[in-house]
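Source file model.tsv; content: TSV, C-alpha atoms.
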```
chain	number	residue	atom	x	y	z
A	11	MET	CA	-160.87	-36.66	-77.56
A	12	THR	CA	-162.91	-33.52	-76.91
A	13	ASP	CA	-164.06	-31.91	-73.69
A	14	GLU	CA	-167.59	-33.06	-74.55
A	15	SER	CA	-166.51	-36.71	-74.42
A	16	ARG	CA	-164.33	-36.20	-71.37
A	17	GLY	CA	-167.16	-34.72	-69.35
A	18	ILE	CA	-165.37	-32.55	-66.74
A	19	GLY	CA	-164.15	-29.18	-68.05
A	20	GLY	CA	-166.62	-28.88	-70.92
A	21	THR	CA	-170.19	-29.68	-71.95
A	22	VAL	CA	-171.12	-32.81	-70.03
A	23	GLY	CA	-173.07	-35.52	-71.75
A	24	PRO	CA	-173.02	-37.91	-74.71
A	25	PRO	CA	-170.97	-39.05	-76.43
A	26	TRP	CA	-169.41	-40.36	-73.21
A	27	SER	CA	-165.78	-41.48	-73.11
A	28	VAL	CA	-165.44	-45.13	-72.11
A	29	ASP	CA	-162.11	-44.24	-70.47
A	30	VAL	CA	-163.78	-41.65	-68.25
A	31	LEU	CA	-166.60	-44.04	-67.32
A	32	ALA	CA	-164.06	-46.76	-66.54
A	33	ASP	CA	-162.12	-44.36	-64.29
A	34	LEU	CA	-165.36	-43.33	-62.61
A	35	HIS	CA	-166.39	-46.95	-62.06
A	36	ALA	CA	-162.95	-47.81	-60.64
A	37	GLY	CA	-163.09	-44.89	-58.19
A	38	VAL	CA	-159.89	-43.26	-59.47
A	39	LEU	CA	-161.39	-39.83	-60.15
A	40	ASP	CA	-161.20	-37.29	-57.35
A	41	GLU	CA	-164.28	-36.85	-55.18
A	42	ARG	CA	-165.32	-33.53	-56.76
A	43	GLU	CA	-165.28	-34.93	-60.30
A	44	ALA	CA	-167.04	-38.11	-59.22
A	45	ALA	CA	-169.75	-36.13	-57.40
A	46	GLU	CA	-170.40	-34.11	-60.58
A	47	LEU	CA	-170.40	-37.09	-62.95
A	48	TRP	CA	-172.47	-39.72	-61.12
A	49	PRO	CA	-175.84	-37.90	-61.31
A	50	LEU	CA	-175.30	-37.28	-65.04
A	51	VAL	CA	-174.24	-40.87	-65.71
A	52	ASN	CA	-177.18	-42.30	-63.75
A	53	ALA	CA	-179.56	-40.13	-65.76
A	54	ASP	CA	-178.12	-41.26	-69.11
A	55	PRO	CA	-179.21	-44.79	-70.22
A	56	ALA	CA	-176.22	-45.20	-72.54
A	57	ALA	CA	-173.70	-44.27	-69.84
A	58	SER	CA	-175.49	-46.44	-67.27
A	59	ALA	CA	-175.32	-49.38	-69.68
A	60	ILE	CA	-171.54	-48.99	-69.96
A	61	ILE	CA	-171.20	-48.83	-66.16
A	62	GLU	CA	-173.31	-52.00	-65.83
A	63	ALA	CA	-171.12	-53.74	-68.42
A	64	LEU	CA	-168.00	-52.74	-66.48
A	65	GLU	CA	-169.56	-54.06	-63.27
A	66	ALA	CA	-170.41	-57.37	-64.94
A	67	THR	CA	-166.89	-57.67	-66.38
A	68	THR	CA	-165.39	-57.01	-62.96
A	69	ALA	CA	-167.52	-59.75	-61.40
A	70	ASP	CA	-166.62	-62.20	-64.19
A	71	LEU	CA	-162.89	-61.56	-63.74
A	72	ALA	CA	-163.17	-62.07	-60.00
A	73	GLU	CA	-164.77	-65.48	-60.60
A	74	LEU	CA	-161.79	-66.66	-62.68
A	75	ALA	CA	-159.90	-67.37	-59.46
A	76	ASN	CA	-162.46	-70.09	-58.64
A	77	GLU	CA	-162.28	-71.83	-62.02
A	78	PRO	CA	-160.76	-75.36	-62.07
A	79	VAL	CA	-157.19	-75.62	-63.32
A	80	ALA	CA	-156.42	-78.05	-66.13
A	81	PRO	CA	-154.02	-80.87	-65.16
A	82	MET	CA	-150.39	-80.70	-66.30
A	83	PRO	CA	-149.91	-82.51	-69.63
A	84	ALA	CA	-148.18	-85.86	-69.11
A	85	GLU	CA	-145.31	-85.01	-71.47
A	86	PHE	CA	-144.39	-81.91	-69.48
A	87	ALA	CA	-144.68	-83.76	-66.16
A	88	ALA	CA	-142.29	-86.44	-67.47
A	89	ARG	CA	-139.78	-83.83	-68.70
A	90	LEU	CA	-139.94	-82.03	-65.35
A	91	ASP	CA	-139.31	-85.27	-63.44
A	92	ALA	CA	-136.36	-86.09	-65.70
A	93	ALA	CA	-134.84	-82.61	-65.28
A	94	LEU	CA	-135.10	-82.78	-61.48
A	95	ALA	CA	-133.65	-86.29	-61.39
A	96	ALA	CA	-130.72	-85.22	-63.59
A	97	GLU	CA	-130.08	-82.17	-61.43
A	98	MET	CA	-130.02	-84.28	-58.26
A	99	ARG	CA	-127.49	-86.66	-59.88
A	100	VAL	CA	-125.01	-84.06	-61.14
A	101	SER	CA	-125.47	-80.90	-59.08
A	102	PRO	CA	-123.06	-80.52	-56.12
A	103	ALA	CA	-125.64	-78.27	-54.46
A	104	PHE	CA	-128.27	-81.01	-54.47
A	105	GLN	CA	-125.76	-83.73	-53.56
A	106	GLY	CA	-124.34	-81.72	-50.67
A	107	ALA	CA	-127.80	-80.92	-49.39
A	108	PHE	CA	-128.77	-84.56	-49.15
A	109	GLU	CA	-125.48	-85.75	-47.62
A	110	GLY	CA	-125.30	-86.08	-43.83
A	111	PRO	CA	-125.73	-88.45	-40.91
A	112	ARG	CA	-128.06	-91.35	-41.62
A	113	GLU	CA	-130.35	-90.47	-38.75
A	114	GLN	CA	-131.05	-87.09	-40.37
A	115	ALA	CA	-131.76	-88.37	-43.88
A	116	ALA	CA	-135.25	-87.89	-45.26
A	117	PRO	CA	-137.30	-91.09	-45.76
A	118	VAL	CA	-137.16	-92.71	-49.20
A	119	VAL	CA	-140.28	-92.00	-51.23
A	120	ASP	CA	-141.66	-94.18	-54.02
A	121	LEU	CA	-141.28	-91.87	-57.04
A	122	ALA	CA	-144.08	-93.53	-59.01
A	123	ALA	CA	-146.49	-93.30	-56.08
A	124	ALA	CA	-145.55	-89.68	-55.48
A	125	ARG	CA	-146.06	-88.88	-59.15
A	126	ARG	CA	-149.55	-90.43	-59.10
A	127	ARG	CA	-150.52	-88.38	-56.05
A	128	ARG	CA	-149.11	-85.25	-57.63
A	129	ASN	CA	-151.02	-85.72	-60.90
A	130	LYS	CA	-154.26	-86.06	-58.95
A	131	ARG	CA	-153.76	-83.04	-56.76
A	132	ILE	CA	-151.96	-80.39	-58.77
A	133	GLY	CA	-152.81	-78.54	-61.97
A	134	TRP	CA	-150.62	-77.32	-64.78
A	135	GLY	CA	-149.91	-73.94	-63.21
A	136	ALA	CA	-149.45	-75.23	-59.68
A	137	GLY	CA	-147.36	-78.24	-60.68
A	138	ILE	CA	-144.06	-76.46	-61.26
A	139	ALA	CA	-144.34	-74.43	-58.06
A	140	THR	CA	-145.28	-77.48	-55.98
A	141	VAL	CA	-142.40	-79.64	-57.24
A	142	ALA	CA	-139.90	-76.81	-56.73
A	143	ALA	CA	-141.22	-76.18	-53.24
A	144	ALA	CA	-140.90	-79.88	-52.44
A	145	ALA	CA	-137.22	-79.83	-53.42
A	146	ILE	CA	-136.59	-76.77	-51.25
A	147	ALA	CA	-138.44	-78.35	-48.33
A	148	ALA	CA	-136.34	-81.51	-48.62
A	149	VAL	CA	-133.16	-79.43	-48.45
A	150	ALA	CA	-134.53	-77.64	-45.39
A	151	ILE	CA	-135.07	-80.98	-43.64
A	152	VAL	CA	-131.39	-81.94	-43.72
A	153	VAL	CA	-129.79	-78.50	-43.52
A	154	PRO	CA	-130.09	-76.97	-40.04
A	155	THR	CA	-131.64	-73.51	-39.96
A	156	THR	CA	-130.65	-70.67	-37.70
A	157	GLN	CA	-132.87	-67.96	-36.31
A	158	GLN	CA	-131.53	-64.47	-36.78
A	159	SER	CA	-131.54	-62.14	-33.85
A	160	THR	CA	-130.04	-58.86	-32.86
A	161	PRO	CA	-127.22	-58.69	-30.26
A	162	GLY	CA	-128.46	-59.70	-26.82
A	163	GLY	CA	-130.97	-62.20	-28.19
A	164	VAL	CA	-133.59	-59.57	-29.03
A	165	ALA	CA	-135.76	-60.49	-32.02
A	166	GLN	CA	-135.36	-58.43	-35.16
A	167	PRO	CA	-138.01	-55.80	-35.94
A	168	PRO	CA	-140.85	-56.71	-38.34
A	169	PRO	CA	-140.08	-56.47	-42.06
A	170	THR	CA	-140.46	-53.19	-43.91
A	171	PRO	CA	-144.06	-52.66	-45.10
A	172	THR	CA	-144.72	-53.65	-48.71
A	173	GLY	CA	-147.24	-52.39	-51.24
A	174	PRO	CA	-148.17	-48.85	-52.26
A	175	SER	CA	-148.40	-46.20	-49.56
A	176	VAL	CA	-151.72	-44.72	-48.44
A	177	GLY	CA	-152.68	-42.35	-45.64
A	178	GLY	CA	-153.48	-43.45	-42.12
A	179	ASP	CA	-157.19	-42.84	-42.83
A	180	GLY	CA	-157.00	-44.70	-46.15
A	181	GLY	CA	-156.51	-41.54	-48.18
A	182	GLY	CA	-155.40	-42.46	-51.69
A	183	ALA	CA	-156.58	-46.07	-51.40
A	184	GLU	CA	-159.41	-45.42	-53.89
A	185	ALA	CA	-156.79	-45.01	-56.63
A	186	LEU	CA	-155.68	-48.63	-56.05
A	187	VAL	CA	-159.09	-50.25	-56.40
A	188	GLY	CA	-159.20	-50.46	-60.20
A	189	LYS	CA	-155.98	-52.49	-60.44
A	190	ALA	CA	-156.71	-54.55	-57.31
A	191	ILE	CA	-160.03	-56.04	-58.49
A	192	GLY	CA	-159.48	-59.76	-59.12
A	193	VAL	CA	-156.10	-59.74	-57.32
A	194	ARG	CA	-155.61	-62.14	-54.38
A	195	ASP	CA	-152.26	-61.18	-52.85
A	196	PHE	CA	-152.40	-61.80	-49.09
A	197	GLY	CA	-149.08	-60.04	-48.43
A	198	SER	CA	-147.81	-60.50	-44.87
A	199	LEU	CA	-150.93	-62.50	-43.93
A	200	LYS	CA	-149.81	-65.12	-46.48
A	201	THR	CA	-153.03	-67.21	-46.54
A	202	GLU	CA	-156.75	-66.75	-46.99
A	203	GLU	CA	-157.32	-68.47	-43.63
A	204	ARG	CA	-155.32	-65.73	-41.85
A	205	LEU	CA	-157.37	-63.06	-43.58
A	206	ASP	CA	-160.61	-64.84	-42.68
A	207	ALA	CA	-159.56	-64.81	-39.01
A	208	CYS	CA	-158.98	-61.05	-39.18
A	209	VAL	CA	-162.34	-60.50	-40.91
A	210	ALA	CA	-164.16	-62.57	-38.29
A	211	ALA	CA	-162.39	-60.69	-35.47
A	212	ALA	CA	-163.71	-57.45	-36.98
A	213	GLY	CA	-167.29	-58.77	-36.76
A	214	MET	CA	-167.57	-59.13	-40.55
A	215	ASP	CA	-168.85	-62.17	-42.48
A	216	ALA	CA	-165.82	-64.22	-43.50
A	217	ASP	CA	-167.97	-66.10	-46.05
A	218	VAL	CA	-168.31	-62.91	-48.13
A	219	ARG	CA	-165.42	-63.06	-50.58
A	220	PRO	CA	-163.56	-59.79	-51.29
A	221	GLU	CA	-163.44	-58.59	-54.90
A	222	GLY	CA	-159.71	-57.96	-54.49
A	223	ILE	CA	-156.92	-58.36	-51.92
A	224	ARG	CA	-153.51	-56.68	-51.98
A	225	PRO	CA	-150.78	-55.47	-49.59
A	226	VAL	CA	-150.62	-51.77	-48.66
A	227	ASN	CA	-148.35	-49.54	-46.61
A	228	VAL	CA	-150.69	-47.60	-44.32
A	229	ALA	CA	-148.73	-44.64	-42.95
A	230	GLY	CA	-145.68	-46.86	-42.46
A	231	LYS	CA	-147.58	-49.90	-41.17
A	232	ASP	CA	-147.65	-53.19	-43.06
A	233	GLY	CA	-151.24	-53.99	-44.02
A	234	VAL	CA	-153.48	-55.98	-46.34
A	235	MET	CA	-156.42	-54.26	-48.06
A	236	ALA	CA	-159.64	-56.15	-48.86
A	237	ILE	CA	-162.20	-54.72	-51.31
A	238	TYR	CA	-165.92	-55.50	-50.95
A	239	THR	CA	-168.98	-54.55	-52.97
A	240	THR	CA	-171.75	-52.73	-51.09
A	241	GLY	CA	-174.77	-53.56	-53.20
A	242	LYS	CA	-174.68	-50.11	-54.79
A	243	LEU	CA	-173.43	-49.53	-58.31
A	244	ALA	CA	-169.76	-48.47	-58.46
A	245	GLN	CA	-169.49	-48.27	-54.66
A	246	PHE	CA	-166.96	-50.28	-52.67
A	247	ARG	CA	-165.97	-50.81	-49.04
A	248	ILE	CA	-162.24	-51.09	-48.49
A	249	VAL	CA	-160.86	-52.42	-45.20
A	250	ALA	CA	-157.15	-52.66	-44.34
A	251	PHE	CA	-155.96	-55.09	-41.66
A	252	GLY	CA	-152.60	-54.87	-39.89
A	253	ALA	CA	-150.02	-57.64	-40.19
A	254	ASP	CA	-150.62	-58.61	-36.55
A	255	CYS	CA	-154.37	-59.18	-36.92
A	256	GLY	CA	-155.93	-62.49	-36.01
A	257	PRO	CA	-158.51	-64.11	-33.71
A	258	GLY	CA	-159.66	-61.52	-31.18
A	259	ASN	CA	-157.50	-58.80	-32.76
A	260	PRO	CA	-158.87	-57.28	-36.00
A	261	ALA	CA	-156.09	-54.63	-36.10
A	262	ILE	CA	-158.09	-52.53	-38.58
A	263	LEU	CA	-155.92	-49.79	-40.07
A	264	PHE	CA	-158.80	-48.14	-41.94
A	265	ASP	CA	-162.35	-48.90	-43.08
A	266	LYS	CA	-163.97	-46.62	-45.65
A	267	ILE	CA	-166.60	-46.46	-48.40
A	268	ILE	CA	-165.59	-45.11	-51.82
A	269	GLY	CA	-167.52	-44.37	-54.98
A	270	GLN	CA	-171.11	-43.28	-55.38
A	271	LYS	CA	-172.76	-42.17	-52.12
```
Please re-express this file's structure in C-alpha cells.
Amino acid sequence: MTDESRGIGGTVGPPWSVDVLADLHAGVLDEREAAELWPLVNADPAASAIIEALEATTADLAELANEPVAPMPAEFAARLDAALAAEMRVSPAFQGAFEGPREQAAPVVDLAAARRRRNKRIGWGAGIATVAAAAIAAVAIVVPTTQQSTPGGVAQPPPTPTGPSVGGDGGGAEALVGKAIGVRDFGSLKTEERLDACVAAAGMDADVRPEGIRPVNVAGKDGVMAIYTTGKLAQFRIVAFGADCGPGNPAILFDKIIGQK
C-alpha cells in the first residue's frame, strides 16, 4: 500500500484505501488526521460513496439485534430436557441442592406444560441460557444465601470497574466506537430499562436507540458508554453514565461529539 492510497504522509487523493476510510468513519484516527482527510473525502465522490456504504452497513448491523430469533429445533429441545433430567437423577450436586425440609421445597411443576411455555417464549439461542438459569434459580430457592460484608457490618465497596479505560473527559473513547457499534453490553447497569432511566434523567429521549452500548472505565469509575448518531455523516455523540445513575440521577461521566465537525 502506497502513501498515495494511505492519504496522510503523501499525495492525498484517489485511489483511496478502504482501510483508511473505514478508520476515518469509525473515528479511530487522531483529530489532526481526521481534520485533514474529511474535506478531501467529502469532495471526492468515490470516497464519499465508500463512506456512505460503511454508514449503511453500520445501520444494518445495528438492526440485527431487533431481528426475530428462530425457535429451538424440537430434537435439540428434547435432548436438552433429557440431559437435564439425567443430571438431576445422578448428580449429587443436584440431589443435594433439592434436599431439605418439606416446607422449603420448590413447588412441583408440570414438565410438559413448562416445555410448552418454553417453546413459545424462547428462541434457539436463548433456550439454553434460559433453561440453565432456571436450574440455578431453583437451587437458589432451597439453598440459603448469605450477604457478604466487611467486619463491623459495613457493606463491601463497589466492584472494580470493567471495560477499557478512558480519560475523565472521555479522552480515548473515540478509539472504542468502531468495535462498539452493534454491541449491546449494559455492564453494571445490567438491563436496557436501567439505561433508559439514566438517559431520561439526563433529559435525553429514551426512545432513541443507541448504535452501540458497552462498559467503560472512566478514570477509575465504572461506567456504561452509549453511542448515538447525530444526523451528520461519520459523526457520533458518546455519553457515559455512572453505575449509580437512575431516575433523577443521570450520573454523566462524560458527553462528547466525535468525528466530522
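The nearest approach to Cys208 in chain A among the residues A:Asp29, A:Asp254, A:Glu62, A:Glu184, with only C-alpha atoms taken into account, belongs to A:Asp254.
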Give me the residues near Thr240 in chain A as a PDB file with C-alpha atoms, keeping the file's coordinate frame, where near means some atom within 12 Å (using all atoms listed in the file) and where sequence neighbours in that chain fewer than 3 positions away do not count.
```
ATOM      1  CA  VAL A 218    -168.310 -62.910 -48.130  1.00  0.00           C
ATOM      2  CA  PRO A 220    -163.560 -59.790 -51.290  1.00  0.00           C
ATOM      3  CA  GLU A 221    -163.440 -58.590 -54.900  1.00  0.00           C
ATOM      4  CA  ILE A 237    -162.200 -54.720 -51.310  1.00  0.00           C
ATOM      5  CA  LEU A 243    -173.430 -49.530 -58.310  1.00  0.00           C
ATOM      6  CA  ALA A 244    -169.760 -48.470 -58.460  1.00  0.00           C
ATOM      7  CA  GLN A 245    -169.490 -48.270 -54.660  1.00  0.00           C
ATOM      8  CA  PHE A 246    -166.960 -50.280 -52.670  1.00  0.00           C
ATOM      9  CA  ARG A 247    -165.970 -50.810 -49.040  1.00  0.00           C
ATOM     10  CA  ILE A 248    -162.240 -51.090 -48.490  1.00  0.00           C
ATOM     11  CA  LYS A 266    -163.970 -46.620 -45.650  1.00  0.00           C
ATOM     12  CA  ILE A 267    -166.600 -46.460 -48.400  1.00  0.00           C
ATOM     13  CA  ILE A 268    -165.590 -45.110 -51.820  1.00  0.00           C
ATOM     14  CA  GLY A 269    -167.520 -44.370 -54.980  1.00  0.00           C
ATOM     15  CA  GLN A 270    -171.110 -43.280 -55.380  1.00  0.00           C
ATOM     16  CA  LYS A 271    -172.760 -42.170 -52.120  1.00  0.00           C
TER      17      LYS A 271
END
```
For a cutoff of 12 Å around the file-coordinate point (-166.4, -55.8, -39.2), which residues qualify once you count only C-alpha atoms? I'd like the result as a PyMOL selection string. chain A and resi 206-216+218+236+238+247-251+258-262+264-266
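Nearest residue to Asp54 in chain A among A:Ala72, A:Ala36, A:Ala183, A:Leu31 is A:Leu31, counting all atoms listed in the file.
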Applying 10 Å and all atoms listed in the file, which residues near Val38 in chain A remain after dropping the ones on its own chain fewer than 4 positions away? List them as a PyMOL selection string. chain A and resi 30+32-34+43-44+182-188+268-269
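Separating CA of Ile223 in chain A from CA of Pro81 in chain A is a distance of 26.3 Å.
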With all atoms listed in the file as the basis for distance, which of A:Ala56, A:Met235, A:Arg42, A:Ala84 is at the shortest distance from Ser175 in chain A? A:Met235
Could you check how far CA of Ser27 in chain A sits from CA of Thr239 in chain A, in Å to one decimal? 24.2 Å
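The gap separating CA of Ile191 in chain A from CA of Ile60 in chain A is 17.7 Å, in Å to one decimal.
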Protein, DNA and RNA residues within 8 Å of (-151.1, -51.1, -39.4), all atoms listed in the file, as a list in words: Asn227, Val228, Ala229, Gly230, Lys231, Asp232, Gly233, Ala250, Phe251, Gly252, Ala253, Ala261, Ile262 and Leu263 of chain A
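The nearest approach to Gly181 in chain A among the residues A:Ala87, A:Pro78, A:Asp40, A:Leu205, with all atoms listed in the file taken into account, belongs to A:Asp40.
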Please provide as a VMD selection string all residues within 8 Å of Pro225 in chain A, with the sequence filter that same-chain residues fewer than 3 positions apart are discarded (counting all atoms listed in the file). chain A and resid 172 to 174 195 to 198 232 to 235
